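Shown below: final39.csv, with CSV, C-alpha atoms (C1' of nucleotides).
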chain,number,residue,atom,x,y,z
A,1,MET,CA,-79.5,12.7,90.4
A,2,VAL,CA,-78.4,12.4,86.8
A,3,PHE,CA,-79.9,14.5,84.0
A,4,GLN,CA,-82.3,11.8,82.8
A,5,ASP,CA,-83.7,11.1,86.3
A,6,GLU,CA,-84.3,14.8,86.9
A,7,ILE,CA,-86.1,15.2,83.6
A,8,ILE,CA,-88.3,12.2,84.3
A,9,LYS,CA,-89.1,13.3,87.8
A,10,TRP,CA,-90.0,16.8,86.5
A,11,TYR,CA,-92.3,15.1,83.9
A,12,LYS,CA,-94.2,13.1,86.4
A,13,ASP,CA,-94.9,16.2,88.4
A,14,ASN,CA,-95.8,18.5,85.5
A,15,LYS,CA,-97.0,16.6,82.5
A,16,ARG,CA,-100.1,17.6,80.6
A,17,ASP,CA,-102.9,15.1,80.0
A,18,LEU,CA,-102.7,14.5,76.2
A,19,PRO,CA,-104.8,11.9,74.4
A,20,TRP,CA,-102.0,10.3,72.5
A,21,ARG,CA,-100.3,9.5,75.8
A,22,HIS,CA,-103.0,7.0,76.7
A,23,THR,CA,-102.2,4.6,73.8
A,24,ASN,CA,-99.4,2.5,72.5
A,25,ASP,CA,-101.2,1.9,69.2
A,26,ALA,CA,-98.7,2.8,66.5
A,27,TYR,CA,-101.4,4.1,64.0
A,28,THR,CA,-102.8,6.5,66.6
A,29,ILE,CA,-99.3,7.7,67.5
A,30,TRP,CA,-98.4,8.1,63.9
A,31,LEU,CA,-101.5,10.2,63.4
A,32,SER,CA,-100.6,12.4,66.3
A,33,GLU,CA,-96.9,12.8,65.4
A,34,ILE,CA,-97.5,13.8,61.8
A,35,ILE,CA,-100.1,16.3,62.9
A,36,LEU,CA,-97.7,17.7,65.5
A,37,GLN,CA,-94.8,18.2,63.1
A,38,GLN,CA,-94.0,21.9,63.3
A,39,THR,CA,-97.3,22.4,65.0
A,40,ARG,CA,-98.1,23.5,68.5
A,41,VAL,CA,-100.1,21.0,70.6
A,42,ASP,CA,-103.0,23.4,71.1
A,43,GLN,CA,-103.3,23.9,67.4
A,44,GLY,CA,-103.0,20.2,66.5
A,45,LEU,CA,-105.2,18.7,69.2
A,46,PRO,CA,-108.6,19.4,67.5
A,47,TYR,CA,-107.3,18.0,64.2
A,48,PHE,CA,-106.1,14.8,66.0
A,49,ASN,CA,-109.5,14.3,67.5
A,50,ARG,CA,-111.3,14.8,64.2
A,51,PHE,CA,-109.0,12.6,62.3
A,52,LEU,CA,-109.2,9.8,64.8
A,53,ALA,CA,-113.0,10.1,64.8
A,54,HIS,CA,-113.2,9.9,61.0
A,55,TYR,CA,-110.5,7.2,60.7
A,56,PRO,CA,-110.2,5.0,63.8
A,57,THR,CA,-107.9,2.6,62.0
A,58,VAL,CA,-105.2,2.7,59.3
A,59,ALA,CA,-107.6,0.7,57.1
A,60,ASP,CA,-110.2,3.5,57.4
A,61,PHE,CA,-107.5,6.1,56.6
A,62,ALA,CA,-106.3,4.2,53.6
A,63,ALA,CA,-109.8,4.0,52.2
A,64,ALA,CA,-110.2,7.8,52.1
A,65,THR,CA,-109.7,10.1,49.1
A,66,GLU,CA,-107.1,12.7,48.8
A,67,GLN,CA,-109.7,15.4,48.7
A,68,GLN,CA,-111.3,14.1,52.0
A,69,ILE,CA,-108.0,14.1,53.7
A,70,LEU,CA,-107.0,17.5,52.6
A,71,LYS,CA,-110.4,18.9,53.5
A,72,LEU,CA,-110.1,17.6,57.0
A,73,TRP,CA,-106.5,19.0,57.1
A,74,GLN,CA,-107.7,22.4,55.9
A,75,GLY,CA,-106.2,25.2,58.0
A,76,LEU,CA,-103.4,23.2,59.5
A,77,GLY,CA,-100.8,24.0,56.9
A,78,TYR,CA,-98.0,21.9,55.4
A,79,TYR,CA,-100.5,20.0,53.3
A,80,SER,CA,-98.1,17.5,51.9
A,81,ARG,CA,-98.3,15.8,55.3
A,82,GLY,CA,-101.8,14.8,54.6
A,83,ARG,CA,-101.0,13.5,51.2
A,84,ASN,CA,-98.0,11.6,52.4
A,85,MET,CA,-100.2,10.0,55.2
A,86,LEU,CA,-102.6,8.7,52.6
A,87,PHE,CA,-99.8,7.2,50.6
A,88,THR,CA,-98.3,5.6,53.7
A,89,ALA,CA,-101.6,4.3,54.9
A,90,LYS,CA,-102.0,2.5,51.6
A,91,ILE,CA,-98.5,1.1,51.9
A,92,VAL,CA,-99.3,-0.2,55.4
A,93,MET,CA,-102.4,-2.0,54.1
A,94,GLU,CA,-100.6,-3.5,51.1
A,95,MET,CA,-97.1,-4.2,52.4
A,96,HIS,CA,-97.6,-4.6,56.2
A,97,ASN,CA,-100.8,-6.5,56.2
A,98,GLY,CA,-102.7,-3.6,57.7
A,99,ILE,CA,-100.5,-3.6,60.8
A,100,PHE,CA,-98.7,-0.4,61.5
A,101,PRO,CA,-95.0,-0.9,61.9
A,102,LYS,CA,-93.5,-0.4,65.4
A,103,ARG,CA,-89.7,-0.7,64.7
A,104,TYR,CA,-87.6,2.3,63.8
A,105,ASP,CA,-86.0,0.6,60.8
A,106,GLU,CA,-89.4,-0.1,59.3
A,107,LEU,CA,-90.9,3.3,60.2
A,108,ILE,CA,-88.1,5.3,58.7
A,109,LYS,CA,-88.9,3.9,55.3
A,110,LEU,CA,-92.4,5.3,55.3
A,111,LYS,CA,-93.1,8.5,53.4
A,112,GLY,CA,-93.5,11.5,55.7
A,113,VAL,CA,-91.7,9.7,58.5
A,114,GLY,CA,-88.2,11.1,59.2
A,115,ASP,CA,-85.8,10.6,62.0
A,116,TYR,CA,-87.8,12.3,64.6
A,117,THR,CA,-91.2,10.7,63.8
A,118,ALA,CA,-89.7,7.2,63.4
A,119,ALA,CA,-88.0,7.5,66.9
A,120,ALA,CA,-91.2,8.9,68.4
A,121,ILE,CA,-93.5,6.1,67.1
A,122,ALA,CA,-90.9,3.4,67.9
A,123,SER,CA,-90.4,4.6,71.5
A,124,PHE,CA,-94.0,5.4,72.3
A,125,SER,CA,-95.5,2.3,70.8
A,126,SER,CA,-92.9,-0.3,71.9
A,127,ASN,CA,-90.2,1.4,74.1
A,128,GLU,CA,-87.5,1.1,71.5
A,129,ALA,CA,-84.5,3.1,72.7
A,130,LYS,CA,-84.4,5.7,69.9
A,131,ALA,CA,-84.0,9.3,71.0
A,132,VAL,CA,-86.3,11.9,69.6
A,133,VAL,CA,-84.7,15.1,68.6
A,134,ASP,CA,-87.2,17.9,67.9
A,135,GLY,CA,-87.0,21.6,68.6
A,136,ASN,CA,-87.5,21.1,72.3
A,137,VAL,CA,-84.9,18.4,72.7
A,138,SER,CA,-82.2,20.3,70.8
A,139,ARG,CA,-82.9,23.4,72.9
A,140,VAL,CA,-82.8,21.5,76.2
A,141,LEU,CA,-79.6,19.6,75.3
A,142,GLY,CA,-78.0,22.6,73.6
A,143,ARG,CA,-78.4,24.6,76.8
A,144,TYR,CA,-77.8,22.0,79.5
A,145,PHE,CA,-74.7,20.4,77.8
A,146,GLY,CA,-73.5,23.6,76.2
A,147,VAL,CA,-73.5,22.8,72.5
A,148,GLU,CA,-71.6,25.6,70.9
A,149,LYS,CA,-72.3,24.6,67.3
A,150,ALA,CA,-75.4,26.0,65.6
A,151,ILE,CA,-78.2,23.4,66.2
A,152,ASN,CA,-79.5,23.8,62.7
A,153,SER,CA,-76.1,23.3,61.0
A,154,SER,CA,-75.4,19.8,59.9
A,155,GLU,CA,-72.5,19.4,62.4
A,156,GLY,CA,-74.6,20.7,65.2
A,157,LYS,CA,-77.4,18.3,64.4
A,158,LYS,CA,-74.9,15.5,64.3
A,159,GLU,CA,-73.6,16.4,67.8
A,160,VAL,CA,-77.1,16.8,69.3
A,161,ASN,CA,-78.3,13.5,67.8
A,162,ALA,CA,-75.3,11.6,69.2
A,163,LEU,CA,-75.8,13.2,72.6
A,164,ALA,CA,-79.5,12.5,72.6
A,165,GLN,CA,-79.0,8.9,71.6
A,166,SER,CA,-76.3,8.4,74.3
A,167,LEU,CA,-78.7,9.7,77.0
A,168,ILE,CA,-81.6,7.3,76.2
A,169,GLU,CA,-79.6,4.1,76.2
A,170,ASP,CA,-80.5,2.8,79.7
A,171,GLN,CA,-83.7,4.8,80.1
A,172,PRO,CA,-87.4,3.8,79.8
A,173,ALA,CA,-87.5,5.1,76.3
A,174,SER,CA,-91.2,6.1,76.0
A,175,VAL,CA,-91.4,8.1,79.2
A,176,TYR,CA,-87.9,9.7,78.8
A,177,ASN,CA,-88.7,10.9,75.3
A,178,GLN,CA,-92.0,12.3,76.3
A,179,ALA,CA,-90.4,13.9,79.4
A,180,ILE,CA,-87.6,15.8,77.6
A,181,MET,CA,-89.9,17.2,75.0
A,182,GLU,CA,-92.5,18.2,77.6
A,183,PHE,CA,-89.7,19.8,79.7
A,184,GLY,CA,-88.6,21.8,76.6
A,185,ALA,CA,-92.2,22.8,75.8
A,186,LEU,CA,-93.3,23.9,79.3
A,187,HIS,CA,-90.1,24.7,81.3
A,188,CYS,CA,-87.0,25.1,79.2
A,189,LYS,CA,-88.9,27.4,76.8
A,190,PRO,CA,-87.3,29.4,74.0
A,191,LYS,CA,-88.2,32.7,75.6
A,192,GLN,CA,-88.1,33.2,79.4
A,193,PRO,CA,-87.3,29.7,80.5
A,194,LEU,CA,-88.1,28.9,84.2
A,195,CYS,CA,-84.4,28.8,85.3
A,196,ASN,CA,-85.2,30.3,88.7
A,197,VAL,CA,-87.3,27.3,89.7
A,198,CYS,CA,-85.3,24.7,87.8
A,199,SER,CA,-83.9,21.7,89.6
A,200,LEU,CA,-81.2,21.3,87.0
A,201,GLN,CA,-80.0,24.9,87.4
A,202,GLN,CA,-76.6,24.2,89.1
A,203,SER,CA,-75.6,21.6,86.5
A,204,CYS,CA,-76.8,23.5,83.5
A,205,TYR,CA,-74.1,24.8,81.2
A,206,ALA,CA,-76.1,27.7,79.9
A,207,PHE,CA,-77.2,28.8,83.4
A,208,THR,CA,-73.8,28.6,85.0
A,209,HIS,CA,-72.2,30.3,82.1
A,210,LYS,CA,-74.9,33.0,81.8
A,211,LYS,CA,-75.7,31.8,78.3
A,212,VAL,CA,-79.3,30.9,78.6
A,213,ALA,CA,-80.4,33.8,76.4
A,214,VAL,CA,-77.9,32.9,73.6
A,215,LEU,CA,-78.1,29.1,73.6
A,216,PRO,CA,-78.9,27.2,71.5
A,217,LEU,CA,-77.2,29.0,68.6
A,218,LYS,CA,-78.9,29.1,65.3
A,219,GLU,CA,-77.5,30.2,62.0
A,220,LYS,CA,-79.1,32.3,59.2
A,221,LYS,CA,-82.7,33.2,59.0
A,222,ILE,CA,-84.6,32.7,55.7
A,223,LYS,CA,-85.4,35.8,53.7
A,224,VAL,CA,-89.0,36.5,53.0
A,225,LYS,CA,-90.3,37.0,49.4
A,226,GLU,CA,-93.2,39.3,48.7
A,227,ARG,CA,-95.9,38.3,46.2
A,228,ARG,CA,-99.1,39.8,45.0
A,229,PHE,CA,-102.1,37.6,44.3
A,230,ASN,CA,-105.1,39.0,42.5
A,231,TYR,CA,-108.1,36.7,42.8
A,232,PHE,CA,-111.3,37.0,40.8
A,233,LEU,CA,-114.7,36.0,42.1
A,234,CYS,CA,-116.8,34.7,39.2
A,235,LEU,CA,-120.3,33.7,39.9
A,236,ASP,CA,-122.9,32.1,37.6
A,237,GLY,CA,-126.1,31.3,39.4
A,238,ASP,CA,-125.1,29.1,42.3
A,239,LYS,CA,-121.9,28.2,40.6
A,240,ILE,CA,-118.5,29.6,41.3
A,241,LEU,CA,-115.3,29.4,39.3
A,242,MET,CA,-112.5,27.5,41.3
A,243,ARG,CA,-109.0,26.6,40.4
A,244,HIS,CA,-107.0,23.5,41.3
A,245,ARG,CA,-103.5,24.6,42.3
A,246,SER,CA,-100.6,22.7,40.6
A,247,PRO,CA,-97.5,21.3,42.2
A,248,GLY,CA,-94.5,23.5,42.5
A,249,ASP,CA,-95.9,26.3,44.6
A,250,VAL,CA,-97.6,27.1,47.9
A,251,TRP,CA,-100.9,25.3,48.6
A,252,GLN,CA,-100.3,22.6,45.9
A,253,HIS,CA,-103.3,20.4,45.3
A,254,LEU,CA,-105.6,22.8,47.1
A,255,TYR,CA,-108.3,24.9,45.5
A,256,ASP,CA,-108.3,28.6,45.1
A,257,LEU,CA,-109.9,31.1,42.7
A,258,PRO,CA,-108.8,32.3,39.2
A,259,LEU,CA,-105.6,34.1,39.9
A,260,ILE,CA,-103.4,36.8,38.3
A,261,GLU,CA,-100.1,37.2,40.0
A,262,THR,CA,-98.4,40.6,39.6
A,263,THR,CA,-95.0,41.8,40.7
A,264,GLY,CA,-96.0,45.2,41.9
A,265,LEU,CA,-93.4,46.6,39.6
A,266,GLU,CA,-95.6,46.8,36.5
A,267,SER,CA,-95.2,50.3,35.3
A,268,ASN,CA,-96.6,50.2,31.7
A,269,GLU,CA,-99.9,49.3,30.3
A,270,GLU,CA,-98.4,46.1,28.8
A,271,ASN,CA,-98.2,44.5,32.2
A,272,SER,CA,-100.9,46.2,34.1
A,273,LEU,CA,-103.6,44.2,35.8
A,274,GLN,CA,-106.2,45.6,33.5
A,275,LYS,CA,-104.3,44.3,30.5
A,276,GLN,CA,-103.9,40.8,32.0
A,277,VAL,CA,-107.6,40.7,32.9
A,278,SER,CA,-108.5,41.6,29.3
A,279,ASP,CA,-106.2,38.8,28.0
A,280,LEU,CA,-107.7,36.2,30.3
A,281,PHE,CA,-111.3,37.2,30.5
A,282,GLY,CA,-112.0,39.3,27.4
A,283,LYS,CA,-111.7,43.0,26.8
A,284,ASN,CA,-115.1,43.8,28.1
A,285,ALA,CA,-114.3,42.3,31.5
A,286,SER,CA,-114.6,44.7,34.4
A,287,TYR,CA,-113.6,44.2,38.0
A,288,ARG,CA,-114.1,45.9,41.3
A,289,LEU,CA,-112.1,45.4,44.6
A,290,LEU,CA,-114.0,43.5,47.3
A,291,ASP,CA,-111.3,42.9,49.9
A,292,GLN,CA,-107.6,43.0,50.4
A,293,ILE,CA,-105.5,41.2,53.1
A,294,LYS,CA,-101.9,40.5,53.9
A,295,HIS,CA,-101.2,36.8,54.3
A,296,GLN,CA,-98.0,35.8,56.1
A,297,LEU,CA,-96.3,32.4,55.4
A,298,THR,CA,-93.0,31.3,56.8
A,299,HIS,CA,-91.1,32.5,53.7
A,300,GLN,CA,-93.5,34.6,51.8
A,301,ILE,CA,-95.7,37.6,52.4
A,302,ILE,CA,-98.6,37.5,50.1
A,303,TYR,CA,-100.6,40.6,49.4
A,304,VAL,CA,-104.0,39.3,48.4
A,305,GLN,CA,-106.7,41.3,46.6
A,306,PHE,CA,-110.1,39.9,45.8
A,307,PHE,CA,-112.1,41.3,42.9
A,308,ALA,CA,-115.6,40.7,41.7
A,309,LEU,CA,-115.5,40.1,37.9
A,310,ASP,CA,-118.3,41.1,35.4
A,311,ASN,CA,-118.8,40.8,31.7
A,312,TYR,CA,-116.2,38.1,31.4
A,313,ILE,CA,-115.5,35.3,29.1
A,314,VAL,CA,-114.1,32.1,30.5
A,315,ASN,CA,-111.4,30.7,28.3
A,316,PHE,CA,-110.6,27.2,29.6
A,317,ASN,CA,-107.7,26.9,27.2
A,318,LYS,CA,-105.8,29.7,28.9
A,319,GLN,CA,-106.7,28.5,32.4
A,320,ALA,CA,-106.6,24.8,32.3
A,321,GLU,CA,-107.0,24.3,36.0
A,322,ILE,CA,-110.3,26.1,36.5
A,323,LYS,CA,-113.8,24.7,36.6
A,324,TRP,CA,-117.3,25.6,37.6
A,325,VAL,CA,-118.2,24.3,41.1
A,326,SER,CA,-121.7,24.1,42.7
A,327,GLU,CA,-122.4,25.3,46.2
A,328,GLU,CA,-122.6,21.7,47.3
A,329,GLU,CA,-119.3,20.7,45.8
A,330,LEU,CA,-117.6,23.8,47.2
A,331,LYS,CA,-118.1,22.5,50.7
A,332,THR,CA,-115.9,19.5,49.9
A,333,LEU,CA,-113.0,21.3,48.4
A,334,PRO,CA,-109.8,21.9,50.4
A,335,MET,CA,-108.8,25.5,50.3
A,336,PRO,CA,-106.0,27.7,51.6
A,337,LYS,CA,-106.9,29.8,54.7
A,338,PRO,CA,-107.4,33.2,53.0
A,339,ILE,CA,-109.6,31.6,50.4
A,340,SER,CA,-111.9,29.9,52.8
A,341,VAL,CA,-112.1,33.0,54.9
A,342,PHE,CA,-113.0,35.1,51.9
A,343,LEU,CA,-115.6,32.7,50.6
A,344,LYS,CA,-117.2,32.4,54.0
A,345,LYS,CA,-117.6,36.2,54.0
A,346,TYR,CA,-118.7,36.9,50.4
A,347,VAL,CA,-120.5,33.8,49.2
A,348,GLU,CA,-123.6,32.3,50.6
B,1,DA,C1',-76.3,22.2,52.1
B,2,DA,C1',-80.0,25.1,51.0
B,3,DG,C1',-84.7,26.0,49.7
B,4,DC,C1',-89.4,25.0,50.2
B,5,DC,C1',-93.7,23.9,52.5
B,6,DG,C1',-98.7,27.0,56.6
B,7,DG,C1',-100.8,28.8,60.1
B,8,DG,C1',-100.9,30.6,64.5
B,9,DG,C1',-99.4,31.8,69.4
B,10,DA,C1',-96.3,34.3,72.5
B,11,DC,C1',-93.8,38.2,73.1
C,1,DG,C1',-92.5,43.3,64.1
C,2,DT,C1',-89.6,38.4,65.6
C,3,DC,C1',-89.3,33.7,66.9
C,4,DC,C1',-90.6,29.1,66.6
C,5,DC,C1',-93.6,25.2,67.0
C,6,DA,C1',-93.7,16.8,68.8
C,7,DG,C1',-90.0,18.1,60.7
C,8,DG,C1',-89.6,16.2,56.2
C,9,DC,C1',-88.9,16.4,51.2
C,10,DT,C1',-86.7,18.1,47.1
C,11,DT,C1',-83.1,19.9,44.5
Here is the file; what I need is its structure written in the form of structure tokens.
Amino acid sequence: MVFQDEIIKWYKDNKRDLPWRHTNDAYTIWLSEIILQQTRVDQGLPYFNRFLAHYPTVADFAAATEQQILKLWQGLGYYSRGRNMLFTAKIVMEMHNGIFPKRYDELIKLKGVGDYTAAAIASFSSNEAKAVVDGNVSRVLGRYFGVEKAINSSEGKKEVNALAQSLIEDQPASVYNQAIMEFGALHCKPKQPLCNVCSLQQSCYAFTHKKVAVLPLKEKKIKVKERRFNYFLCLDGDKILMRHRSPGDVWQHLYDLPLIETTGLESNEENSLQKQVSDLFGKNASYRLLDQIKHQLTHQIIYVQFFALDNYIVNFNKQAEIKWVSEEELKTLPMPKPISVFLKKYVE
DNA sequence: AAGCCGGGGAC
DNA sequence: GTCCCAGGCTT
């Protein structure tokens, strides 16, 4: 049996029952694919169910506000996905008559839809023969066919893409794409793949060349920056001071608390946290530590400290993005994970 | 081509 | 701790 037949056979015997596999509706598939970008199925599944319940059609989605979308997205990460979806939903309503595109050439034009997602929607919704290449597929092909270029280099990607596309040409596109991804996710895993029970063992380059542990090759890992966020809890009756985060940094367009970022290198009084607090909140302002946590992002480690602030003056000129928020409104604001966890613990 | 964008699970 | 997940956008 050829590679593709073995993959499809394996899939039929081992596939998970996932809700987006029961539909060929392009909108529903788009919803699932965007949510699953860089996101494990187990993590994305509850979000998919919630979004579909809130927004059964693209028209419902397009009618939502950015804040509603981001609030529902809260905790999932990569928040620009949610913003791009709203933009795209509106485009579909205005430019596609409310009918979600099914062809790759149309899908690829949509914001937030790249090569992978366009191929996924096109193949799953209408069997268009476009190969998906995600992390699973590049690993499976990299191992089985012995790709010696780094799969995250531009040459390596080109090679894997061409290989993937050549393999799908005469296949049932939807099932084959699902199958090779599922095979990568459950069987040909990054760590401890199930080679000993693999029907493709004898024709697998990596297995026969004892390179399973080193393929696929990847180049350079990103270096992680360290940052220090000092957040200040300011309460006034049932109101709390919140800040709308600007574009150009992590968690853009989400809400956090008044923030002073320090470098950790401040040695003199001029730069000390106390000095900066005085500058922002008046020289009578006092603060006491409530909590401290380490928050790990892909490329940043953020050491977060939370302080209660007293005897402060709020200067809205110095902090343009802050505003008083009622308990009721607070529930509707999308927040980064550490902020929502902190508020749940310290504010009732 | 390189950097940036989250959060969490598996090991 | 490390790796990486149904990637894409910006510079």
Check your understanding: When the cut-off is 10 Å and we count only C-alpha atoms (C1' of nucleotides), which residues of chain A are near chain C, given as an MDAnalysis selection string?
Key -> chainID A and resid 32:41 43 80:81 111:117 120 132:137 178 181:182 185 190:191
**Study point:** Computed interatomic separation between CA of Asn284 (chain A) and CA of Tyr312 (chain A) (Å)
**Key:** 6.7 Å
Chain B near chain A within 6 Å: what's each residue's closest atom pair and its distance in Å to one decimal, counting all atoms listed in the file, ordered by chain then ascending residue number, as a tab-separated table?
residue	atom	partner	partner_atom	distance
B:DC5	C1'	A:Tyr78	CA	5.6
B:DG6	C1'	A:Gly77	CA	3.7
B:DG7	C1'	A:Gly77	CA	5.8
Produce a file of the selected residues containing C-alpha atoms (C1' of nucleotides), as a PDB file, in the frame of the given file.
ATOM      1  C1'  DC B   5     -93.700  23.900  52.500  1.00  0.00           C
ATOM      2  C1'  DG B   6     -98.700  27.000  56.600  1.00  0.00           C
ATOM      3  C1'  DG B   7    -100.800  28.800  60.100  1.00  0.00           C
TER       4       DG B   7
END
Check your understanding: When distances are computed from all atoms listed in the file, which of A:Val341, A:Ala173, A:Leu290, A:Leu254 shows the smallest separation from Ile8 (chain A)?
Key -> A:Ala173
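Residue nearest DG3 (chain B), chosen from A:Arg228, A:Arg103, A:Lys223, A:His253 and counting only C-alpha atoms (C1' of nucleotides): A:Lys223.
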Point to revise | Near-region 93-102 of chain A list (7 Å; only C-alpha atoms (C1' of nucleotides); drop same-chain fewer than 4 positions) as a list in words | key: Ala26, Tyr27, Val58, Ala59, Ala89, Glu106, Leu107, Ile121, Ala122, Ser125 and Ser126 of chain A
Review point. So what do you get for CA of Ser246 (chain A) versus CA of Leu70 (chain A), distance-wise?
Key: 14.6 Å
Study note, to complete from the structure: Separating CA of Ile7 (chain A) from CA of Tyr176 (chain A), to the nearest tenth of an Å, is a gap of 7.5 Å
Exercise for review: List the residues sitting within 9 Å of (-79.3, 30.2, 65.5) in the file's frame, using only C-alpha atoms (C1' of nucleotides), as a PyMOL selection string.
Suggested key: chain A and resi 150-153+214-221
**Study point:** Best match for closeness to Cys234 (chain A) among A:Leu194, A:Leu167, A:Val175, A:Val347, counting all atoms listed in the file
**Key:**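 Closest to Cys234 (chain A), using all atoms listed in the file: A:Val347.
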